[in-house]
Each structure stands twice: as C-alpha cells, then as structure tokens.
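Participant: This is the content of target.txt (compact mmCIF, C-alpha atoms):
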```
# COMPACT_ATOMS: atom_id res chain seq x y z
CA MET A 1 215.86 -117.43 -81.40
CA LYS A 2 212.21 -116.45 -81.37
CA ASN A 3 212.47 -115.03 -77.81
CA ARG A 4 215.39 -112.79 -78.85
CA LYS A 5 213.31 -111.24 -81.65
CA ARG A 6 210.48 -110.55 -79.20
CA GLY A 7 212.91 -109.02 -76.70
CA SER A 8 214.56 -106.79 -79.27
CA ALA A 9 211.19 -105.68 -80.64
CA LEU A 10 210.10 -104.76 -77.12
CA PHE A 11 213.33 -102.82 -76.58
CA VAL A 12 212.90 -100.90 -79.86
CA ALA A 13 209.26 -100.12 -79.00
CA ILE A 14 210.28 -98.79 -75.57
CA MET A 15 213.05 -96.64 -77.11
CA PHE A 16 210.68 -95.14 -79.72
CA SER A 17 208.15 -94.43 -76.97
CA PHE A 18 210.82 -92.68 -74.89
CA ILE A 19 211.98 -90.59 -77.87
CA GLY A 20 208.37 -89.65 -78.64
CA LEU A 21 207.83 -88.63 -75.02
CA LEU A 22 210.93 -86.40 -75.13
CA VAL A 23 209.74 -84.72 -78.35
CA ILE A 24 206.28 -84.04 -76.90
CA ALA A 25 207.77 -82.70 -73.66
CA GLY A 26 210.08 -80.43 -75.65
CA LEU A 27 207.21 -79.07 -77.74
CA VAL A 28 205.13 -78.39 -74.62
CA ALA A 29 208.09 -76.64 -72.96
CA VAL A 30 208.70 -74.44 -76.01
CA TRP A 31 205.01 -73.57 -76.29
CA TYR A 32 204.81 -72.70 -72.60
CA ARG A 33 207.94 -70.57 -72.74
CA LEU A 34 206.67 -68.63 -75.76
CA THR A 35 203.21 -68.00 -74.33
CA HIS A 36 203.83 -67.64 -70.58
CA VAL A 37 206.27 -65.87 -68.34
CA LEU A 38 207.06 -67.66 -65.10
CA PHE A 39 208.11 -65.63 -62.09
CA PRO A 40 209.52 -67.68 -59.22
CA VAL A 41 208.65 -67.03 -55.57
CA LYS A 42 211.94 -65.94 -54.02
CA THR A 43 212.90 -65.62 -50.37
CA TYR A 44 214.36 -62.38 -48.99
CA THR A 45 215.53 -61.18 -45.57
CA SER A 46 213.64 -57.86 -45.63
CA VAL A 47 210.78 -56.14 -47.41
CA ARG A 48 213.15 -53.56 -48.90
CA GLU A 49 215.35 -56.32 -50.29
CA ALA A 50 212.24 -57.90 -51.84
CA ALA A 51 211.33 -54.62 -53.60
CA ALA A 52 214.86 -54.30 -55.01
CA GLY A 53 214.96 -58.02 -55.85
CA GLY A 54 211.76 -57.68 -57.88
CA ILE A 55 213.44 -55.05 -60.04
CA LYS A 56 216.54 -57.23 -60.51
CA LEU A 57 214.34 -60.17 -61.53
CA ILE A 58 212.42 -58.12 -64.12
CA ALA A 59 215.70 -56.68 -65.46
CA SER A 60 216.95 -60.22 -66.04
CA TYR A 61 213.75 -60.99 -67.98
CA ILE A 62 214.31 -57.87 -70.09
CA ASP A 63 217.84 -59.11 -70.87
CA GLN A 64 216.32 -62.41 -72.04
CA GLY A 65 213.93 -60.56 -74.38
CA PHE A 66 210.61 -61.34 -72.65
CA PHE A 67 209.48 -57.70 -72.77
CA ARG A 68 210.27 -57.17 -76.46
CA ASP A 69 206.55 -56.78 -77.25
CA LEU A 70 206.39 -53.74 -74.98
CA GLU A 71 207.90 -51.76 -77.86
CA LYS A 72 204.74 -52.51 -79.86
CA GLY A 73 202.46 -51.52 -76.98
CA ARG A 74 201.71 -55.09 -75.88
CA CYS A 75 202.60 -56.91 -72.71
CA PRO A 76 203.98 -60.46 -72.83
CA GLY A 77 201.51 -63.29 -72.36
CA GLY A 78 199.59 -63.28 -69.11
CA LEU A 79 200.67 -59.83 -67.90
CA GLU A 80 198.33 -56.94 -67.18
CA SER A 81 198.72 -53.84 -69.37
CA THR A 82 198.22 -50.34 -68.01
CA ASN A 83 195.95 -47.80 -69.68
CA ASN A 84 198.63 -46.17 -71.85
CA GLY A 85 200.01 -49.37 -73.38
CA THR A 86 203.66 -48.65 -72.58
CA CYS A 87 203.64 -50.24 -69.12
CA CYS A 88 203.02 -53.74 -67.83
CA LYS A 89 202.14 -54.81 -64.31
CA VAL A 90 203.92 -57.90 -63.03
CA ASN A 91 202.44 -59.42 -59.87
CA LEU A 92 205.39 -61.01 -58.11
CA LYS A 93 205.19 -62.99 -54.89
CA TYR A 94 207.93 -63.37 -52.31
CA ARG A 95 208.61 -64.90 -48.90
CA LEU A 96 210.52 -63.57 -45.95
CA LEU A 97 213.26 -65.70 -44.45
CA GLY A 98 211.82 -68.02 -41.82
CA SER A 99 208.22 -67.62 -43.00
CA GLU A 100 206.10 -69.72 -45.33
CA ARG A 101 203.62 -66.89 -45.99
CA GLU A 102 203.73 -65.24 -49.42
CA TYR A 103 203.57 -61.47 -49.81
CA ALA A 104 202.74 -59.29 -52.83
CA ASN A 105 205.30 -57.34 -54.82
CA PRO A 106 203.68 -55.66 -57.85
CA VAL A 107 206.26 -54.28 -60.27
CA TYR A 108 205.40 -51.87 -63.09
CA VAL A 109 207.67 -52.06 -66.14
CA CYS A 110 207.48 -49.10 -68.53
CA LEU A 111 209.24 -48.49 -71.83
CA LEU A 112 210.35 -44.89 -71.42
CA GLY A 113 212.09 -44.39 -74.75
CA TYR A 114 215.32 -44.89 -76.63
CA GLN A 115 218.88 -43.77 -76.09
CA ALA A 116 221.58 -43.60 -78.72
CA GLN A 117 224.61 -45.77 -78.21
CA PRO A 118 227.91 -43.93 -77.73
CA GLY A 119 229.16 -42.55 -81.03
CA MET A 120 225.74 -42.58 -82.73
CA GLU A 121 223.64 -39.52 -83.43
CA ILE A 122 219.86 -39.17 -83.51
CA THR A 123 218.20 -36.18 -85.13
CA GLY A 124 214.69 -35.02 -84.33
CA VAL A 125 212.34 -35.95 -81.54
CA ALA A 126 209.37 -37.27 -83.50
CA TYR A 127 208.33 -40.90 -83.84
CA THR A 128 211.31 -43.14 -84.53
CA SER A 129 210.64 -45.76 -87.18
CA GLN A 130 211.39 -49.44 -86.61
CA ALA A 131 214.35 -49.33 -89.03
CA ALA A 132 215.89 -46.30 -87.32
CA ARG A 133 215.75 -47.99 -83.90
CA PHE A 134 218.51 -50.41 -84.86
CA GLY A 135 221.49 -49.55 -82.72
CA LEU A 136 219.43 -47.82 -80.03
CA ASN A 137 219.27 -48.77 -76.39
CA PHE A 138 215.84 -49.22 -74.82
CA VAL A 139 215.23 -47.27 -71.60
CA TYR A 140 212.91 -48.96 -69.09
CA GLY A 141 211.49 -47.61 -65.86
CA PHE A 142 210.57 -49.79 -62.88
CA ASN A 143 208.33 -49.15 -59.88
CA SER A 144 208.39 -51.92 -57.31
CA THR A 145 206.25 -51.94 -54.17
CA ALA A 146 206.74 -54.80 -51.73
CA TYR A 147 204.06 -55.32 -49.09
CA GLY A 148 205.13 -57.13 -45.95
CA PRO A 149 203.80 -58.13 -42.54
CA ASN A 150 202.44 -55.54 -40.09
CA SER A 151 201.64 -53.07 -42.94
CA VAL A 152 205.33 -52.65 -43.82
CA THR A 153 205.80 -51.34 -47.37
CA ALA A 154 208.98 -50.72 -49.38
CA TYR A 155 209.01 -48.75 -52.63
CA VAL A 156 211.91 -48.77 -55.10
CA GLU A 157 212.17 -46.99 -58.47
CA ALA A 158 214.85 -47.64 -61.06
CA VAL A 159 215.78 -46.86 -64.65
CA TYR A 160 217.35 -49.58 -66.79
CA VAL A 161 219.06 -49.19 -70.15
CA LYS A 162 219.40 -52.24 -72.37
```
Please go through the file and, once you have read it, give me the structure as structure tokens.
Facilitator:
Amino acid sequence: MKNRKRGSALFVAIMFSFIGLLVIAGLVAVWYRLTHVLFPVKTYTSVREAAAGGIKLIASYIDQGFFRDLEKGRCPGGLESTNNGTCCKVNLKYRLLGSEREYANPVYVCLLGYQAQPGMEITGVAYTSQAARFGLNFVYGFNSTAYGPNSVTAYVEAVYVK
C-alpha cells in the first residue's frame, strides 16, 4: 500500500511539472511573438521570384497585423525604420534552389495612406483622425530588391491595399 502512494505521488509531481513546463513555454512563445517578427529563409528558383516572394511574405505579415504600428510611425520590434517614420526596412534572406548559400533581399514597407471602402465617402485631405479611419483601407507600398549570385539583381515594386 505504501509503494502505491509513493508511485501516485511521483506521477502527480511529474504531471504538475509537465503542466508548468507547458505554461512557461506558452508564455515565452507569446512574449516572443509580441516582441519579435520572424522571417523564414525561403528557397526560390530565380532571383526575380525571390524579389516577388519577399513582397508576398510581407503582405501576409500585414494581413496578420504585424505592421499595425506603422500607422503610428513605428516599426514592429526589431525592424529598421527609415528617416521619415512611415517606412520600415525588412532584411529578408533567401536561398536559390540547389544552393545552400543565403542571399539578401531587403524589402521596404511604406504606409502610403488610406483609401475609402466602396460606398463610403471621405471629405477633405487633411490629417485623418484615429476615429475617422475606421472603415478605411490601408494602402502600403513595397520595394523589394533581391541580390543573387554573379551580381544579378531583381527589383519589384508593388502596392497593397488592406
């Protein structure tokens, strides 16, 4: 009988330790997600595809809300801000198919302005207050330059409305 109590106490202690580990891991993951933006190193078949892929990747991050602070003139954690405060520089890395070498793909993300949704009207062109922006689409501009082997460079520009 005494051995069963010891065994069950050990089992309960292990379970509480496992639950505590999961809680700590969850807190670390949430903290890291709120304070850092992770950009994966993707593999492409050409330098031009890498430049376009960088824009698609940043557009997906905009859809997830990572660049929401750009509206306030701040870049998300860890990103370099340009001199005017409405653009952020994202230093992406990529690989070419069949190569292990990483190449640079800097992408500039700029908040260009606001666009009214269909059926809504905006009057005036002056500063739009925070309350008046409800129902507006954000217009972003992208400049992506992918540098590849043998001095190959691809440049892609895009406009994105969210």
Participant: Could you pull the residues within 10 Å of A:Gly53, counting all atoms listed in the file, minus those fewer than 2 positions along the same chain, as an MDAnalysis selection string?
Facilitator: chainID A and resid 42:44 47:51 55:59 94 105 144 146 156
Participant: So how far away is atom CA of A:Glu102 from atom CA of A:Ser151, in Å?
Facilitator: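 Interatomic distance here is 13.9 Å.
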Participant: Take the point (200.2, -51.3, -70.3) in the file's coordinates, draw a sphere of radius 12 Å around it, and report as a ChimeraX atom specification every protein, DNA or RNA residue with an atom inside or on it, counting all atoms listed in the file.
Facilitator: /A:67,69-76,79-90,108-111
Participant: May I ask which of the residues A:Ala154, A:Val107, A:Leu136, A:Leu97 is the closest one to A:Phe39, counting all atoms listed in the file?
Facilitator: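 For A:Phe39, the nearest of the candidates is A:Val107.
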Participant: Calculate how many Å separate atom CA of A:Val139 from atom CA of A:Gly54, rounding to one decimal.
Facilitator: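 Between atom CA of A:Val139 and atom CA of A:Gly54 the gap is 17.6 Å.
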Participant: Taking into account only C-alpha atoms, which residue in the set A:Gly113, A:Phe11, A:Gly65, A:Pro40 is nearest to A:Lys93?
Facilitator: A:Pro40
Participant: Please measure the separation of atom CA of A:Tyr160 and atom CA of A:Val30, giving the value in Å to one decimal.
Facilitator: 27.9 Å
Participant: Which of these, A:Arg68, A:Tyr155, A:Val41, A:Gln115, has the shortest distance to A:Glu100 once you count all atoms listed in the file?
Facilitator: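 For A:Glu100, the nearest of the candidates is A:Val41.
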